[in-house]
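Visitor: To be precise about what I am sending: the file is called data29.txt and holds compact mmCIF, C-alpha atoms.
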```txt
# COMPACT_ATOMS: atom_id res chain seq x y z
CA MET U 1 44.88 112.75 5.28
CA GLY U 2 45.84 111.21 1.95
CA ILE U 3 46.62 107.76 0.64
CA LYS U 4 49.48 105.74 2.13
CA VAL U 5 50.95 102.71 0.36
CA TYR U 6 52.99 100.41 2.61
CA GLY U 7 55.56 98.29 0.84
CA SER U 8 59.12 97.04 0.75
CA ASP U 9 62.36 98.91 0.46
CA TYR U 10 64.51 98.15 -2.63
CA PRO U 11 63.75 95.90 -4.45
CA ILE U 12 60.04 96.75 -4.48
CA THR U 13 58.19 93.45 -4.63
CA PRO U 14 55.81 92.73 -7.55
CA ASN U 15 52.72 92.79 -5.33
CA VAL U 16 53.60 96.26 -4.11
CA MET U 17 54.39 97.44 -7.64
CA ARG U 18 50.91 96.33 -8.70
CA VAL U 19 49.37 98.83 -6.28
CA LEU U 20 51.78 101.61 -7.31
CA ALA U 21 50.79 101.06 -10.96
CA ALA U 22 47.14 101.61 -10.03
CA VAL U 23 47.72 104.78 -7.97
CA TYR U 24 49.79 106.28 -10.79
CA GLU U 25 47.21 105.31 -13.47
CA LYS U 26 44.60 107.10 -11.41
CA GLU U 27 46.93 110.10 -10.88
CA LEU U 28 46.41 109.96 -7.13
CA GLU U 29 48.51 111.73 -4.51
CA PHE U 30 50.05 109.25 -2.11
CA ASP U 31 52.89 108.63 0.32
CA TYR U 32 55.03 105.56 -0.13
CA VAL U 33 56.02 104.00 3.18
CA PRO U 34 58.81 101.43 2.77
CA LEU U 35 58.92 99.01 5.71
CA ASP U 36 62.07 97.67 7.31
CA MET U 37 61.35 94.10 6.28
CA LYS U 38 64.85 92.89 7.17
CA SER U 39 63.99 93.54 10.81
CA GLY U 40 60.56 91.91 10.39
CA ALA U 41 58.52 95.11 10.69
CA HIS U 42 55.84 93.55 8.47
CA LYS U 43 55.33 90.67 10.92
CA GLN U 44 54.75 92.85 13.97
CA MET U 45 52.44 95.50 15.31
CA PRO U 46 51.58 98.12 14.29
CA TYR U 47 51.77 96.82 10.69
CA LEU U 48 49.75 93.68 11.51
CA SER U 49 46.73 95.88 12.16
CA LEU U 50 46.88 96.83 8.47
CA ASN U 51 47.64 93.34 7.13
CA PRO U 52 46.98 90.51 9.58
CA PHE U 53 48.84 88.10 7.28
CA GLY U 54 52.02 90.12 7.72
CA GLN U 55 52.62 90.70 4.01
CA VAL U 56 53.11 93.74 1.80
CA PRO U 57 51.43 95.77 0.37
CA ALA U 58 48.79 97.47 2.48
CA LEU U 59 46.97 100.72 1.77
CA GLU U 60 45.32 103.35 3.91
CA ASP U 61 42.82 105.78 2.40
CA GLY U 62 41.35 107.93 5.13
CA ASP U 63 39.82 105.44 7.56
CA ILE U 64 39.69 102.66 4.96
CA LYS U 65 42.40 100.02 5.31
CA LEU U 66 43.11 97.34 2.72
CA PHE U 67 45.50 94.50 2.00
CA GLU U 68 45.93 91.97 -0.87
CA SER U 69 47.32 93.84 -3.90
CA ARG U 70 44.49 92.79 -6.23
CA ALA U 71 41.87 93.95 -3.72
CA ILE U 72 43.69 97.26 -3.52
CA THR U 73 43.87 97.74 -7.30
CA ARG U 74 40.18 96.79 -7.53
CA TYR U 75 39.29 99.28 -4.78
CA ILE U 76 41.29 102.05 -6.49
CA ALA U 77 39.66 101.28 -9.84
CA ASN U 78 36.16 101.51 -8.31
CA GLU U 79 36.59 104.30 -5.79
CA TYR U 80 38.37 106.61 -8.25
CA GLU U 81 36.29 105.70 -11.26
CA ASN U 82 36.24 109.27 -12.48
CA LYS U 83 39.95 109.93 -12.21
CA GLY U 84 42.83 109.07 -14.53
CA THR U 85 42.64 105.98 -16.74
CA GLN U 86 39.42 103.99 -16.94
CA LEU U 87 40.34 100.54 -15.61
CA LEU U 88 36.81 99.14 -15.58
CA THR U 89 33.75 99.46 -17.80
CA LYS U 90 30.06 99.93 -17.19
CA ASP U 91 29.19 97.52 -20.01
CA THR U 92 28.42 94.38 -17.99
CA LYS U 93 29.45 91.94 -20.71
CA LYS U 94 32.76 93.72 -21.33
CA MET U 95 33.31 93.96 -17.57
CA ALA U 96 32.76 90.20 -17.28
CA LEU U 97 35.73 89.66 -19.61
CA VAL U 98 37.86 92.00 -17.47
CA GLU U 99 36.95 89.82 -14.47
CA VAL U 100 37.90 86.62 -16.33
CA TRP U 101 41.37 87.92 -17.24
CA VAL U 102 41.90 89.37 -13.75
CA GLU U 103 41.40 85.80 -12.50
CA VAL U 104 43.68 84.40 -15.22
CA GLU U 105 46.50 86.67 -14.04
CA ALA U 106 46.01 85.66 -10.41
CA LEU U 107 45.52 81.93 -10.86
CA HIS U 108 47.34 80.94 -14.08
CA PHE U 109 50.01 83.53 -14.82
CA ASP U 110 51.18 84.66 -11.39
CA PRO U 111 51.78 81.28 -9.65
CA VAL U 112 54.16 80.25 -12.44
CA ALA U 113 55.68 83.63 -13.29
CA ILE U 114 56.39 84.59 -9.71
CA LYS U 115 58.47 81.43 -9.19
CA LEU U 116 60.56 82.39 -12.22
CA GLY U 117 60.83 85.97 -10.93
CA TRP U 118 62.08 84.67 -7.59
CA GLU U 119 64.67 82.30 -9.11
CA LEU U 120 65.96 84.55 -11.90
CA VAL U 121 65.60 88.11 -10.62
CA TYR U 122 65.33 88.25 -6.85
CA LYS U 123 67.91 85.61 -6.10
CA LYS U 124 70.32 87.51 -8.37
CA ILE U 125 69.81 90.71 -6.40
CA PHE U 126 70.59 88.85 -3.17
CA ASP U 127 73.51 86.93 -4.74
CA MET U 128 71.79 83.55 -4.37
CA GLU U 129 71.98 80.62 -6.83
CA PRO U 130 68.82 79.88 -8.84
CA ASP U 131 67.32 76.37 -8.68
CA MET U 132 67.49 75.41 -12.36
CA ALA U 133 65.06 72.50 -11.96
CA VAL U 134 62.41 74.96 -10.74
CA VAL U 135 63.31 77.31 -13.59
CA GLU U 136 62.95 74.62 -16.28
CA GLU U 137 59.66 73.33 -14.87
CA ASN U 138 58.12 76.78 -14.70
CA LYS U 139 59.48 77.89 -18.08
CA ALA U 140 57.52 75.03 -19.64
CA LYS U 141 54.37 75.99 -17.72
CA LEU U 142 54.75 79.68 -18.60
CA ALA U 143 55.13 78.80 -22.29
CA LYS U 144 51.72 77.09 -22.19
CA VAL U 145 50.08 80.06 -20.48
CA LEU U 146 51.64 82.46 -22.98
CA ASP U 147 50.32 80.34 -25.86
CA VAL U 148 46.81 81.06 -24.57
CA PHE U 149 47.67 84.77 -24.28
CA GLU U 150 49.09 84.76 -27.83
CA ALA U 151 45.83 83.37 -29.22
CA ARG U 152 43.82 85.88 -27.19
CA LEU U 153 45.92 88.88 -28.22
CA THR U 154 45.62 87.92 -31.88
CA GLN U 155 41.97 88.95 -31.66
CA LEU U 156 42.26 91.90 -29.29
CA LYS U 157 44.70 94.67 -28.46
CA TYR U 158 44.41 94.05 -24.70
CA LEU U 159 43.38 91.01 -22.69
CA ALA U 160 39.79 92.05 -22.06
CA GLY U 161 39.11 94.10 -25.18
CA GLU U 162 40.33 97.10 -27.14
CA ALA U 163 41.11 99.19 -24.05
CA PHE U 164 43.72 98.80 -21.28
CA SER U 165 42.00 97.53 -18.15
CA LEU U 166 42.59 96.24 -14.63
CA ALA U 167 43.31 92.81 -16.20
CA ASP U 168 46.38 94.15 -18.06
CA LEU U 169 47.49 96.34 -15.14
CA ASN U 170 47.67 93.42 -12.70
CA HIS U 171 50.23 91.74 -15.01
CA LEU U 172 52.67 94.68 -15.14
CA PRO U 173 55.05 93.88 -12.28
CA ILE U 174 55.95 90.34 -13.20
CA VAL U 175 55.97 91.00 -16.94
CA HIS U 176 58.46 93.78 -16.16
CA TYR U 177 60.65 91.50 -14.04
CA LEU U 178 60.63 88.62 -16.51
CA MET U 179 61.29 90.86 -19.53
CA ASN U 180 64.52 91.73 -17.73
CA SER U 181 65.50 88.09 -17.25
CA GLN U 182 66.68 85.11 -19.27
CA VAL U 183 63.07 84.01 -19.93
CA LYS U 184 62.24 87.17 -21.88
CA GLN U 185 62.55 85.15 -25.06
CA LEU U 186 59.31 83.34 -24.14
CA PHE U 187 57.54 86.68 -24.49
CA GLU U 188 59.54 87.92 -27.48
CA GLU U 189 59.01 84.81 -29.60
CA ARG U 190 55.23 85.32 -29.45
CA PRO U 191 54.53 88.41 -31.62
CA ASN U 192 51.19 89.47 -30.11
CA VAL U 193 52.36 88.89 -26.53
CA SER U 194 55.56 90.79 -27.35
CA ALA U 195 53.65 93.78 -28.74
CA TRP U 196 51.33 93.80 -25.72
CA CYS U 197 54.27 93.69 -23.29
CA LYS U 198 56.05 96.56 -25.03
CA ASP U 199 52.84 98.57 -25.01
CA ILE U 200 51.94 98.17 -21.34
CA LEU U 201 55.52 98.55 -20.10
CA SER U 202 55.81 101.89 -21.92
CA ARG U 203 52.83 103.40 -20.13
CA PRO U 204 53.77 106.63 -18.32
CA SER U 205 52.33 105.26 -15.07
CA TRP U 206 54.59 102.20 -15.26
CA ILE U 207 57.64 104.31 -15.98
CA LYS U 208 56.84 106.22 -12.77
CA VAL U 209 56.75 102.94 -10.80
CA VAL U 210 60.15 101.92 -12.18
CA THR U 211 61.53 105.38 -11.39
CA LEU U 212 60.37 105.14 -7.77
CA HIS U 213 61.87 101.64 -7.55
CA GLU U 214 65.24 102.83 -8.89
CA LYS U 215 65.19 105.83 -6.51
CA LEU U 216 64.97 103.48 -3.52
CA LYS U 217 68.15 101.73 -4.67
CA GLY U 218 69.88 104.85 -3.38
CA MET E 1 16.66 81.37 -22.39
CA GLY E 2 18.50 80.75 -19.15
CA VAL E 3 22.23 80.52 -18.53
CA LYS E 4 24.39 77.42 -18.93
CA VAL E 5 26.98 76.14 -16.51
CA TYR E 6 29.43 73.55 -17.83
CA GLY E 7 30.77 71.42 -14.99
CA ILE E 8 29.97 68.80 -12.40
CA PRO E 9 28.41 69.25 -8.95
CA HIS E 10 31.38 67.60 -7.20
CA SER E 11 33.92 70.19 -8.33
CA THR E 12 34.40 72.98 -5.78
CA ALA E 13 34.75 75.57 -8.53
CA THR E 14 31.50 74.45 -10.20
CA LEU E 15 29.77 74.48 -6.79
CA ARG E 16 30.93 78.07 -6.25
CA VAL E 17 29.09 79.12 -9.42
CA LEU E 18 25.97 77.09 -8.58
CA ALA E 19 25.85 78.76 -5.15
CA ALA E 20 25.71 82.19 -6.80
CA ILE E 21 23.08 81.07 -9.31
CA HIS E 22 20.86 79.74 -6.55
CA GLU E 23 21.28 82.84 -4.37
CA LYS E 24 20.08 84.83 -7.37
CA GLU E 25 17.28 82.33 -8.10
CA LEU E 26 18.20 82.15 -11.79
CA GLU E 27 16.99 79.71 -14.44
CA TYR E 28 19.90 77.63 -15.62
CA GLU E 29 21.03 74.38 -17.18
CA LEU E 30 23.93 72.35 -15.76
CA VAL E 31 25.73 70.74 -18.70
CA PRO E 32 27.89 67.87 -17.47
CA VAL E 33 31.47 67.63 -18.78
CA ASP E 34 32.97 64.15 -19.09
CA LEU E 35 36.29 64.68 -17.31
CA ARG E 36 37.25 61.01 -17.47
CA SER E 37 37.30 61.09 -21.27
CA GLY E 38 39.22 64.39 -21.23
CA ALA E 39 36.37 66.37 -22.76
CA HIS E 40 37.53 69.49 -20.88
CA LYS E 41 40.89 69.43 -22.67
CA GLN E 42 39.42 69.21 -26.18
CA GLU E 43 37.08 70.99 -28.56
CA PRO E 44 34.41 72.17 -28.24
CA PHE E 45 35.06 72.88 -24.55
CA ILE E 46 38.53 74.33 -25.01
CA SER E 47 37.09 77.15 -27.15
CA ILE E 48 35.09 78.25 -24.13
CA ASN E 49 37.92 77.76 -21.61
CA PRO E 50 41.37 77.73 -23.22
CA PHE E 51 42.84 76.55 -19.88
CA GLY E 52 40.79 73.34 -20.14
CA GLN E 53 39.14 73.50 -16.70
CA ILE E 54 35.61 73.42 -15.34
CA PRO E 55 33.42 75.36 -14.85
CA ALA E 56 32.58 77.41 -17.89
CA PHE E 57 29.52 79.59 -18.32
CA GLU E 58 27.33 80.81 -21.16
CA ASP E 59 24.82 83.66 -21.20
CA GLY E 60 23.58 84.07 -24.75
CA ASP E 61 26.65 84.74 -26.84
CA LEU E 62 28.84 85.58 -23.84
CA THR E 63 31.10 82.78 -22.60
CA LEU E 64 33.11 83.01 -19.39
CA PHE E 65 35.44 80.88 -17.28
CA GLU E 66 37.10 81.14 -13.82
CA SER E 67 34.49 80.55 -11.11
CA ARG E 68 35.19 83.82 -9.26
CA ALA E 69 34.77 85.84 -12.48
CA ILE E 70 31.49 84.02 -13.19
CA THR E 71 30.10 84.67 -9.69
CA LYS E 72 30.92 88.38 -10.07
CA TYR E 73 29.12 88.52 -13.43
CA ILE E 74 26.10 86.77 -11.91
CA ALA E 75 26.12 89.18 -8.95
CA TYR E 76 26.48 92.36 -11.00
CA THR E 77 23.99 91.51 -13.76
CA ASN E 78 21.24 90.42 -11.39
CA GLU E 79 21.37 93.16 -8.80
CA GLY E 80 17.62 93.36 -8.41
CA LYS E 81 17.13 89.61 -7.96
CA GLY E 82 17.54 87.29 -5.02
CA THR E 83 20.26 88.01 -2.47
CA SER E 84 22.44 91.07 -2.93
CA LEU E 85 25.95 89.67 -3.11
CA ILE E 86 27.99 92.83 -3.59
CA SER E 87 28.71 96.32 -2.31
CA LYS E 88 29.72 99.15 -4.57
CA GLN E 89 31.20 101.89 -2.45
CA GLY E 90 33.39 102.73 0.46
CA LYS E 91 34.34 100.49 3.37
CA GLU E 92 32.06 97.56 2.51
CA MET E 93 33.31 97.42 -1.07
CA ALA E 94 36.90 97.60 0.18
CA ASN E 95 36.30 94.75 2.65
CA LEU E 96 34.52 92.73 -0.02
CA ALA E 97 37.52 93.10 -2.33
CA VAL E 98 39.99 92.18 0.43
CA TRP E 99 38.16 89.07 1.67
CA MET E 100 37.53 87.74 -1.84
CA GLU E 101 41.31 87.82 -2.33
CA VAL E 102 41.92 86.26 1.10
CA GLU E 103 39.64 83.36 0.14
CA ALA E 104 41.45 82.85 -3.16
CA HIS E 105 45.06 83.28 -1.99
CA GLN E 106 45.15 82.39 1.74
CA PHE E 107 42.25 79.98 2.32
CA ASP E 108 41.71 78.11 -0.95
CA PRO E 109 45.26 76.76 -1.58
CA VAL E 110 45.33 75.22 1.92
CA SER E 111 41.71 74.02 1.77
CA THR E 112 42.29 72.39 -1.61
CA LYS E 113 45.34 70.44 -0.40
CA LEU E 114 43.45 69.22 2.68
CA SER E 115 40.34 68.24 0.66
CA TRP E 116 42.53 66.34 -1.79
CA GLU E 117 44.13 64.32 1.02
CA LEU E 118 41.14 63.86 3.30
CA VAL E 119 38.21 63.64 0.87
CA TYR E 120 39.16 62.87 -2.73
CA LYS E 121 41.93 60.36 -1.99
CA GLY E 122 39.37 58.41 0.06
CA PHE E 123 37.07 58.15 -2.99
CA PHE E 124 39.87 56.84 -5.15
CA GLY E 125 41.34 54.48 -2.56
CA MET E 126 44.68 56.33 -2.46
CA GLU E 127 47.14 56.63 0.47
CA ILE E 128 46.85 59.81 2.54
CA ASP E 129 50.09 61.80 2.87
CA ASN E 130 50.09 62.61 6.58
CA ALA E 131 52.96 65.08 6.29
CA VAL E 132 50.93 67.18 3.86
CA VAL E 133 47.88 66.99 6.13
CA GLU E 134 49.85 68.10 9.20
CA GLU E 135 51.55 70.96 7.36
CA ASN E 136 48.30 72.28 5.94
CA GLU E 137 46.35 71.83 9.16
CA ALA E 138 48.87 74.12 10.82
CA LYS E 139 48.54 76.66 7.98
CA LEU E 140 44.74 76.49 8.12
CA ALA E 141 44.80 77.12 11.87
CA LYS E 142 46.78 80.34 11.31
CA VAL E 143 44.44 81.49 8.53
CA LEU E 144 41.38 80.79 10.68
CA ASP E 145 42.94 82.79 13.54
CA VAL E 146 42.82 85.83 11.24
CA TYR E 147 39.19 85.06 10.32
CA GLU E 148 38.30 84.74 14.02
CA VAL E 149 39.53 88.29 14.69
CA ARG E 150 37.69 89.60 11.64
CA LEU E 151 34.38 87.90 12.45
CA ALA E 152 34.45 89.28 15.97
CA LYS E 153 34.02 92.70 14.32
CA SER E 154 31.20 91.95 11.85
CA LYS E 155 28.69 89.21 11.16
CA TYR E 156 30.02 88.51 7.67
CA LEU E 157 33.42 89.09 6.10
CA ALA E 158 32.59 92.31 4.22
CA GLY E 159 30.18 93.73 6.78
CA ASP E 160 26.73 92.99 8.10
CA SER E 161 25.44 91.30 4.95
CA PHE E 162 26.27 88.03 3.21
CA THR E 163 28.29 88.70 0.05
CA LEU E 164 30.44 86.92 -2.52
CA ALA E 165 33.33 87.04 -0.01
CA ASP E 166 31.41 84.58 2.21
CA LEU E 167 29.88 82.60 -0.68
CA HIS E 168 33.24 81.77 -2.27
CA HIS E 169 34.15 79.76 0.84
CA LEU E 170 31.11 77.47 0.77
CA PRO E 171 32.42 74.54 -1.30
CA GLY E 172 35.71 74.38 0.64
CA PHE E 173 33.89 74.46 3.98
CA GLN E 174 31.39 71.83 2.94
CA TYR E 175 34.21 69.40 2.21
CA LEU E 176 36.37 70.22 5.23
CA ASN E 177 33.37 70.05 7.56
CA GLY E 178 33.19 66.32 6.93
CA THR E 179 36.85 65.71 7.85
CA LYS E 180 39.02 65.64 10.95
CA VAL E 181 40.02 69.30 10.47
CA LYS E 182 36.48 70.32 11.39
CA HIS E 183 37.74 70.88 14.94
CA LEU E 184 39.74 73.92 13.71
CA PHE E 185 36.45 75.60 12.81
CA ASP E 186 34.58 74.42 15.93
CA GLU E 187 37.32 75.72 18.27
CA ARG E 188 36.92 79.29 17.05
CA PRO E 189 33.51 80.62 18.18
CA HIS E 190 33.06 83.39 15.61
CA VAL E 191 34.32 81.24 12.72
CA SER E 192 32.12 78.39 13.91
CA ALA E 193 28.98 80.54 14.08
CA TRP E 194 29.69 82.04 10.67
CA CYS E 195 30.30 78.64 9.03
CA LYS E 196 27.12 77.18 10.50
CA ASP E 197 25.19 80.23 9.32
CA ILE E 198 26.37 80.20 5.71
CA LEU E 199 26.22 76.41 5.30
CA ALA E 200 22.58 76.53 6.39
CA ARG E 201 21.53 79.01 3.72
CA PRO E 202 18.56 77.68 1.66
CA ALA E 203 20.38 78.36 -1.61
CA TRP E 204 23.35 76.24 -0.48
CA GLU E 205 21.05 73.45 0.67
CA LYS E 206 19.57 73.39 -2.85
CA VAL E 207 23.07 73.07 -4.34
CA MET E 208 23.85 70.20 -1.94
CA ALA E 209 20.61 68.45 -2.92
CA LEU E 210 21.73 68.68 -6.54
CA GLN E 211 25.06 67.11 -5.62
CA LYS E 212 23.33 64.22 -3.89
CA GLN E 213 21.19 63.54 -6.97
CA ALA E 214 24.18 63.39 -9.30
```
What is this file in structure tokens?
Guide:
Amino acid sequence: MGIKVYGSDYPITPNVMRVLAAVYEKELEFDYVPLDMKSGAHKQMPYLSLNPFGQVPALEDGDIKLFESRAITRYIANEYENKGTQLLTKDTKKMALVEVWVEVEALHFDPVAIKLGWELVYKKIFDMEPDMAVVEENKAKLAKVLDVFEARLTQLKYLAGEAFSLADLNHLPIVHYLMNSQVKQLFEERPNVSAWCKDILSRPSWIKVVTLHEKLKG
Amino acid sequence: MGVKVYGIPHSTATLRVLAAIHEKELEYELVPVDLRSGAHKQEPFISINPFGQIPAFEDGDLTLFESRAITKYIAYTNEGKGTSLISKQGKEMANLAVWMEVEAHQFDPVSTKLSWELVYKGFFGMEIDNAVVEENEAKLAKVLDVYEVRLAKSKYLAGDSFTLADLHHLPGFQYLNGTKVKHLFDERPHVSAWCKDILARPAWEKVMALQKQA
């Protein structure tokens, strides 16, 4: 019994993509199970036994069940330490920096970036009008966050050091969405951020995620 | 040379770090940051935390920020000392990872809004927004329903031992326990027992004593 990743049908949501990035980086065999979210499958049993908050993604690995995308990527990074890309490090001081930038993604980047993703990318897919007030407010906030990233990436190739880590991986989905939106110039006008984006988005594992996503479009 | 924590003992995020330090029985210095004068938004503090927030942390030449990154560093670098706060493999590690995220993404946003209305606004003589309180009380009830089911299965969130997943909740609970939303915890027997248990930990009582002195 292998790994099962439960997620959305097209479009695959960023939180689900985060988990897919990790399973591909670790070169793991898995089944992708898209849920019928339009009919509320994620808010009912049996799915609620996997994620009691009724959200995607969830993951099953043998008799281990997990939810919260960043818990899942953390679990995959630890449990499959010896497979695929190293996402963590045994050096405790270097690992501490990975932890800091994992938190930065979750608490500084994501809350702002996901609002922009919703307004500028998702709403477009569903033919809805974006709320431009929300867009302007969050563009300004994202610019400030990216200024911090620009300074950071002047010193280092990746957020936590010279190697790609869990901290960079957790950013992939929303960086991908926003680089395909009208706010991509916020990334492109910051040279170090721009180089980092290009680098992580060209990873073979990420290309596989995008391929799976496009396949579901049908 | 011990570690340094930059922050104040009234900030929930600073308290989260102090809880971990006390569980591990570490030597440390609490360096106050003058928030009123905006010290956290300027040099030298901003070099340690470019997001201009407390707490920050120093261990020799290593500087860190984000309370939940700091607690993990404290837990992993002091494995042989004090309380074990982590699990490294299998089901317990998976549960630890899940419930740390639940605290950060499901519990904390709601807890923070309620503390702001019901605790901090009181200190500053500001009007409580009852609509916000009602909305977030309802959200908190739903979150605690999930916790109630979980805590029927194990004594602590990750398993049978106290870990960071439980610890990260302490500051939020301490504040909410003194407000009218306390009944949401009391009405759920497993949540209630778990809250009472973790709030009574000697390490947490030491952190609370520190807060009273400040």
Visitor: Just how far from CA of Leu142 (chain U) is CA of Asn136 (chain E), in Å to one decimal?
Guide: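 These two atoms are separated by 26.4 Å.
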Visitor: Need the shell around Glu205 (chain E): protein/DNA/RNA residues with any atom at most 12 Å away, counting all atoms listed in the file. Skip same-chain ones fewer than 3 positions apart. Format as a PyMOL selection string?
Guide: chain E and resi 15+18-19+22-23+170-171+174+197-202+208-212
Visitor: Can you tell me which residues surround Tyr32 (chain U) at a distance of at most 10 Å, considering all atoms listed in the file, apart from same-chain residues fewer than 6 positions away, and format the answer as a list in words?
Guide: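 So, after excluding close chain neighbours, the residues are Ile3, Lys4, Val5, Tyr6, Gly7, Ser8, Asp9, Leu20, Leu59 and Leu212 of chain U.
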Visitor: CA of Glu68 (chain U) and CA of Gly90 (chain E) are how many Å apart?
Guide: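 Answer for the CA of Glu68 (chain U) to CA of Gly90 (chain E) separation: 16.6 Å.
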Visitor: Using only C-alpha atoms, determine which residues of chain E fall within 7 Å of chain U; present them as a list in words.
Guide: Pro50, Leu64, Phe65, Glu66, Ala69, Tyr73, Thr77, Gln89, Lys91, Ala94, Ala97, Val98, Glu101 and Val146 of chain E
Visitor: Within 7 Å of (28.1, 80.1, -19.2) (file coordinates; all atoms listed in the file), which protein or nucleic acid residues are there? I'd like them as a PyMOL selection string.
Guide: chain E and resi 3-6+56-59+63-64
Visitor: Residues within 9 Å of Arg16 (chain E), please, as number ranges by chain. Count all atoms listed in the file; anything in the same chain fewer than 2 positions from it doesn't count.
Guide: E: 11-14, 18-21, 67-68, 71, 167-171
Visitor: Any chance you could export the current selection's C-alpha atoms as an mmCIF file, in the coordinates of the input?
Guide:
```
data_model
loop_
_atom_site.group_PDB
_atom_site.id
_atom_site.type_symbol
_atom_site.label_atom_id
_atom_site.label_comp_id
_atom_site.auth_asym_id
_atom_site.auth_seq_id
_atom_site.Cartn_x
_atom_site.Cartn_y
_atom_site.Cartn_z
ATOM 1 C CA SER E 11 33.920 70.190 -8.330
ATOM 2 C CA THR E 12 34.400 72.980 -5.780
ATOM 3 C CA ALA E 13 34.750 75.570 -8.530
ATOM 4 C CA THR E 14 31.500 74.450 -10.200
ATOM 5 C CA LEU E 18 25.970 77.090 -8.580
ATOM 6 C CA ALA E 19 25.850 78.760 -5.150
ATOM 7 C CA ALA E 20 25.710 82.190 -6.800
ATOM 8 C CA ILE E 21 23.080 81.070 -9.310
ATOM 9 C CA SER E 67 34.490 80.550 -11.110
ATOM 10 C CA ARG E 68 35.190 83.820 -9.260
ATOM 11 C CA THR E 71 30.100 84.670 -9.690
ATOM 12 C CA LEU E 167 29.880 82.600 -0.680
ATOM 13 C CA HIS E 168 33.240 81.770 -2.270
ATOM 14 C CA HIS E 169 34.150 79.760 0.840
ATOM 15 C CA LEU E 170 31.110 77.470 0.770
ATOM 16 C CA PRO E 171 32.420 74.540 -1.300
#
```
Visitor: Which value, in Å to one decimal, gives the distance between CA of Asp129 (chain E) and CA of Glu117 (chain E)?
Guide: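 Pair CA of Asp129 (chain E) / CA of Glu117 (chain E) returns 6.7 Å.
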Visitor: Looking at U:Trp118, U:Phe187, U:Tyr24, U:Tyr158, which one is nearest to Pro204 (chain U), with distances taken over only C-alpha atoms?
Guide: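 Residue with the minimum atom-to-atom distance to Pro204 (chain U): U:Tyr24.
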Visitor: Could you name the residues that touch Pro130 (chain U) at 12 Å or less, counting only C-alpha atoms, but leaving out those on the same chain fewer than 6 positions away, as a list in words?
Guide: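 With the cut-off at 12 Å, the set is Lys115, Leu116, Gly117, Trp118, Glu119, Leu120, Val121, Tyr122, Lys123, Lys124, Glu136 and Gln182 of chain U.
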Visitor: Just checking: using all atoms listed in the file, which residue out of E:Gly80, E:Val191, E:Ser87, E:Thr179 ends up closest to Gly122 (chain E)?
Guide: E:Thr179
